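First up is the structure itself, then whatever we jot down about it.
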Amino acid sequence: MTQTTRICLWSGPRNISTALMYSFAQRKDTAVFDEPLYAHYLSKTPAREYHPGAEEVIATMENDGEKVVQTLILGNHDAPVLFFKHMTHHLNDLDWGFMQQTVNVILTRDPFDMLPSYAKQVAQPGLHDVGYALHLELLDYLQSIGQTPPVLDSKQTLLNPRGVLSQLCDQIGIPFDEAMLSWPAGARPEDGSWAKYWYHTLHRSTGFQKYRQKEGEFPEHLRPLLAECQPYYEKLATLAIRA
């Protein structure tokens, strides 16, 4: 019996995580899943009050995170490769032990680029909303159980998608597929109900966009959060795949 490769991408928001989900969805051997722990997170944290579309997410998805882990992430599937797009902060109060059975990848992005984008939907984000501290906590945990998770940086990935994805596939033990570099414009059936709030730009794309640094003044009200996030990001960035 062929062993299933279960890839968990652990990202923060606005980090090209959905583009990576679309990329993996082009592989004939892969099934993709969009933030299956989102309802668990929303139903158990104050984020329910300020995330757009929260009530629809809670009403249409499984709210029990442990059940999601056992029946979906670790469940039986036909595809030999499974790609689960996650936000790291969705792990709220969950037992991380299941990650011993998954291939874990961490995705980060320079908060100078990310925070202004995220604040368009969540006006007053805090450190927990954006995941940087949790990424390092997760990295420490994965290393403690003997894993060396690949780290992706959004900028490096956009600068050379083929090079970075080739190295990623090599590190996680699957062949690189050229089909991962492009996809048809429009929505995918796997998109979560929140796509209408977050995926507008992606739905117009047919592949990874060229990297462009954010233009204009950085919002003053986000500067304290930027200062909090930067040290965590810089530690992760030193580990990121470059091509």
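Chain labels run A, B, ... following the order of the structure tokens; each chain numbers its residues from 1, and ligands are numbered from 1 in the order shown.
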
Show me, as a PyMOL selection string, the residues that have an atom within 10 Å of Pro189 (chain A) when counting only C-alpha atoms, minus same-chain residues fewer than 2 positions from it.
chain A and resi 33-34+187+191-192

How about saving the chosen residues, C-alpha atoms kept, as a PDB file, in the first residue's frame?
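To be explicit, this is the file written out as selection.pdb:
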```pdb
ATOM      1  CA  PHE A  33      -7.815  21.548   1.442  1.00  0.00           C
ATOM      2  CA  ASP A  34      -8.397  25.196   2.351  1.00  0.00           C
ATOM      3  CA  ALA A 187     -12.105  30.297  -8.312  1.00  0.00           C
ATOM      4  CA  ASP A 191     -11.967  27.603  -1.912  1.00  0.00           C
ATOM      5  CA  GLY A 192     -13.357  28.342   1.522  1.00  0.00           C
TER       6      GLY A 192
END
```

Compile a residue-level contact table for region 21-62 of chain A against region 67-78 of chain A at a cut-off of 12 Å, reporting for every qualifying residue the shortest atom pair and its distance in Å to one decimal, with only C-alpha atoms counted, rows ordered by chain and ascending number, as a tab-separated table.
```
residue	atom	partner	partner_atom	distance
A:Lys28	CA	A:Asp78	CA	11.7
A:Asp29	CA	A:Asp78	CA	9.4
A:Thr30	CA	A:Asp78	CA	9.3
A:Ala31	CA	A:Asp78	CA	8.6
A:Val32	CA	A:Ile73	CA	10.8
A:Phe33	CA	A:Ile73	CA	9.1
A:Asp34	CA	A:Ile73	CA	11.4
A:Glu35	CA	A:Val68	CA	10.6
A:Pro36	CA	A:Val68	CA	7.0
A:Leu37	CA	A:Val68	CA	6.9
A:Tyr38	CA	A:Val68	CA	10.3
A:Ala39	CA	A:Val68	CA	10.1
A:His40	CA	A:Val68	CA	8.7
A:Tyr41	CA	A:Val68	CA	11.7
A:Met61	CA	A:Val68	CA	9.6
A:Glu62	CA	A:Val68	CA	6.8
```

Work out how far apart CA of Asp153 (chain A) and CA of Ala237 (chain A) are and give it in Å to one decimal.
6.5 Å

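When only C-alpha atoms are used to measure the gap to Phe84 (chain A), the shortest distance among A:Arg6, A:Lys44, A:Arg204, A:Lys210 belongs to A:Arg6.
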
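Each of A:Leu82, A:Pro184, A:Ala243, A:Ser43 was checked against Asn63 (chain A) using only C-alpha atoms; the smallest atom-to-atom distance is that of A:Ser43.
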
Contacts of region 50-55 of chain A at 10 Å or less, counting only C-alpha atoms, minus same-chain residues fewer than 2 places along, as a PDB file with C-alpha atoms, in the first residue's frame?
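What ended up in result29.pdb:
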```pdb
ATOM      1  CA  TYR A  38     -10.674  27.911  10.468  1.00  0.00           C
ATOM      2  CA  ALA A  39     -14.104  27.254  12.022  1.00  0.00           C
ATOM      3  CA  LEU A  42     -13.277  31.270  14.957  1.00  0.00           C
ATOM      4  CA  SER A  43     -15.707  29.411  17.194  1.00  0.00           C
ATOM      5  CA  PRO A  46     -12.566  36.558  19.895  1.00  0.00           C
ATOM      6  CA  ALA A  47     -11.637  36.573  16.181  1.00  0.00           C
ATOM      7  CA  ARG A  48     -15.255  35.585  15.538  1.00  0.00           C
ATOM      8  CA  VAL A  57     -17.504  29.759   8.193  1.00  0.00           C
ATOM      9  CA  ILE A  58     -18.729  28.527  11.580  1.00  0.00           C
ATOM     10  CA  ALA A  59     -22.067  27.414  10.129  1.00  0.00           C
ATOM     11  CA  THR A  60     -20.625  25.507   7.174  1.00  0.00           C
ATOM     12  CA  GLN A 121      -9.764  43.347   6.297  1.00  0.00           C
ATOM     13  CA  VAL A 122      -8.851  43.327  10.005  1.00  0.00           C
ATOM     14  CA  ALA A 123      -8.328  46.953  10.956  1.00  0.00           C
ATOM     15  CA  GLN A 124      -6.571  46.498  14.317  1.00  0.00           C
ATOM     16  CA  PRO A 125      -4.600  43.244  14.184  1.00  0.00           C
ATOM     17  CA  SER A 193     -16.476  30.478   1.923  1.00  0.00           C
ATOM     18  CA  TRP A 194     -14.167  33.385   2.851  1.00  0.00           C
ATOM     19  CA  ALA A 195     -12.756  33.550  -0.687  1.00  0.00           C
ATOM     20  CA  LYS A 196     -15.077  36.429  -1.551  1.00  0.00           C
ATOM     21  CA  TYR A 197     -13.320  38.586   1.051  1.00  0.00           C
ATOM     22  CA  TRP A 198      -9.691  37.557   0.502  1.00  0.00           C
TER      23      TRP A 198
END
```

Find the residues around region 224-228 of chain A up to 7 Å (only C-alpha atoms counted), leave out those fewer than 2 positions away in its own chain, and share them as a PyMOL selection string.
chain A and resi 111-112+126-127+222+230-231

Put those residues in a file: C-alpha atoms, as a JSON list (two decimals), in the first residue's frame.
```json
[["chain", "number", "residue", "atom", "x", "y", "z"],
["A", 111, "PRO", "CA", 5.56, 42.10, 7.92],
["A", 112, "PHE", "CA", 6.38, 45.42, 6.24],
["A", 126, "GLY", "CA", -2.51, 41.97, 17.08],
["A", 127, "LEU", "CA", 0.52, 39.69, 17.19],
["A", 222, "LEU", "CA", 0.66, 49.46, 12.52],
["A", 230, "GLN", "CA", 10.13, 41.95, 12.75],
["A", 231, "PRO", "CA", 12.46, 39.95, 15.06]]
```

Using DSSP on the backbone coordinates, identify the residues of region 100-158 of chain A assigned to strand (DSSP E or B); present them as a VMD selection string.
chain A and resid 103 to 108 151 to 153

Emit the selected residues as a PDB file, in the first residue's frame, including C-alpha atoms.
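Result went into result_10.pdb, see below:
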```
ATOM      1  CA  VAL A 103       5.106  16.816   6.468  1.00  0.00           C
ATOM      2  CA  ASN A 104       5.215  20.344   7.838  1.00  0.00           C
ATOM      3  CA  VAL A 105       6.187  23.486   5.924  1.00  0.00           C
ATOM      4  CA  ILE A 106       6.322  27.015   7.378  1.00  0.00           C
ATOM      5  CA  LEU A 107       5.474  30.016   5.186  1.00  0.00           C
ATOM      6  CA  THR A 108       6.336  33.575   6.234  1.00  0.00           C
ATOM      7  CA  VAL A 151      10.706  27.399   5.524  1.00  0.00           C
ATOM      8  CA  LEU A 152       9.319  29.422   2.625  1.00  0.00           C
ATOM      9  CA  ASP A 153       9.505  33.192   2.388  1.00  0.00           C
TER      10      ASP A 153
END
```

When you look at Arg212 (chain A) with a cut-off of 10 Å (counting only C-alpha atoms), what residues show up, excluding the ones that are within fewer than 3 positions of it in the same chain? I need them as an NGL selection string.
:A and (113 or 155 or 158-159 or 209 or 215)

Export C-alpha atoms of the chosen residues as a PDB file, in the first residue's frame?
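Below you can see out.pdb, which holds the result:
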```
ATOM      1  CA  ASP A 113       4.676  44.028   3.126  1.00  0.00           C
ATOM      2  CA  LYS A 155       9.304  37.181  -1.439  1.00  0.00           C
ATOM      3  CA  LEU A 158       7.804  35.019  -5.939  1.00  0.00           C
ATOM      4  CA  LEU A 159      11.306  35.946  -7.109  1.00  0.00           C
ATOM      5  CA  GLN A 209       2.838  37.200  -9.486  1.00  0.00           C
ATOM      6  CA  GLU A 215       4.417  51.305  -2.126  1.00  0.00           C
TER       7      GLU A 215
END
```

Give me, as a ChimeraX atom specification, the residues of region 56-206 of chain A that a backbone DSSP run labels helix (DSSP H, G or I).
/A:56-60,65-73,88-91,96-101,111-118,127-130,132-144,154-159,161-172,178-181,195-198,200-203

Selected residues written out, C-alpha atoms, as a compact mmCIF listing (two decimals), in the first residue's frame:
```txt
# COMPACT_ATOMS: atom_id res chain seq x y z
CA GLU A 56 -20.80 31.55 7.56
CA VAL A 57 -17.50 29.76 8.19
CA ILE A 58 -18.73 28.53 11.58
CA ALA A 59 -22.07 27.41 10.13
CA THR A 60 -20.62 25.51 7.17
CA GLY A 65 -10.62 20.88 15.63
CA GLU A 66 -9.68 17.46 17.05
CA LYS A 67 -12.31 15.87 14.83
CA VAL A 68 -10.90 17.71 11.81
CA VAL A 69 -7.45 16.38 12.64
CA GLN A 70 -8.56 12.76 13.00
CA THR A 71 -11.11 12.51 10.19
CA LEU A 72 -9.67 14.88 7.58
CA ILE A 73 -5.98 15.61 8.12
CA THR A 88 -0.69 28.70 12.35
CA HIS A 89 -2.96 30.55 14.80
CA HIS A 90 -5.79 28.13 13.92
CA LEU A 91 -4.02 25.59 16.16
CA TRP A 96 0.18 19.26 18.12
CA GLY A 97 1.10 15.58 18.28
CA PHE A 98 -0.57 14.83 14.94
CA MET A 99 2.28 16.68 13.21
CA GLN A 100 4.46 13.64 13.78
CA GLN A 101 2.41 12.10 10.95
CA PRO A 111 5.56 42.10 7.92
CA PHE A 112 6.38 45.42 6.24
CA ASP A 113 4.68 44.03 3.13
CA MET A 114 2.05 41.92 4.88
CA LEU A 115 0.55 44.10 7.61
CA PRO A 116 -0.92 46.87 5.41
CA SER A 117 -2.60 44.21 3.26
CA TYR A 118 -4.06 42.36 6.24
CA LEU A 127 0.52 39.69 17.19
CA HIS A 128 -1.61 36.56 17.59
CA ASP A 129 -3.65 37.43 14.47
CA VAL A 130 -0.60 37.43 12.22
CA TYR A 132 4.87 35.37 13.65
CA ALA A 133 5.56 34.37 17.25
CA LEU A 134 3.64 31.12 16.78
CA HIS A 135 5.74 30.27 13.74
CA LEU A 136 8.88 30.20 15.86
CA GLU A 137 7.09 28.25 18.58
CA LEU A 138 6.00 25.76 15.93
CA LEU A 139 9.53 25.57 14.50
CA ASP A 140 10.92 24.78 17.96
CA TYR A 141 8.28 22.08 18.49
CA LEU A 142 8.91 20.43 15.12
CA GLN A 143 12.66 20.41 15.75
CA SER A 144 12.02 18.86 19.18
CA SER A 154 6.84 34.77 0.18
CA LYS A 155 9.30 37.18 -1.44
CA GLN A 156 11.87 34.50 -2.26
CA THR A 157 9.14 32.26 -3.67
CA LEU A 158 7.80 35.02 -5.94
CA LEU A 159 11.31 35.95 -7.11
CA PRO A 161 8.88 30.11 -8.13
CA ARG A 162 10.43 27.26 -10.11
CA GLY A 163 13.66 27.29 -8.14
CA VAL A 164 12.05 27.49 -4.70
CA LEU A 165 9.30 24.95 -5.43
CA SER A 166 11.82 22.54 -6.94
CA GLN A 167 13.86 22.66 -3.72
CA LEU A 168 10.72 22.37 -1.60
CA CYS A 169 9.54 19.28 -3.44
CA ASP A 170 12.98 17.73 -3.10
CA GLN A 171 13.02 18.39 0.64
CA ILE A 172 9.57 16.90 1.22
CA GLU A 178 6.08 21.96 -13.96
CA ALA A 179 2.27 22.24 -13.79
CA MET A 180 2.68 23.84 -10.33
CA LEU A 181 3.81 27.12 -11.92
CA ALA A 195 -12.76 33.55 -0.69
CA LYS A 196 -15.08 36.43 -1.55
CA TYR A 197 -13.32 38.59 1.05
CA TRP A 198 -9.69 37.56 0.50
CA HIS A 200 -9.98 38.69 -5.45
CA THR A 201 -6.46 39.21 -6.76
CA LEU A 202 -5.66 35.51 -6.85
CA HIS A 203 -8.77 34.76 -8.91
```
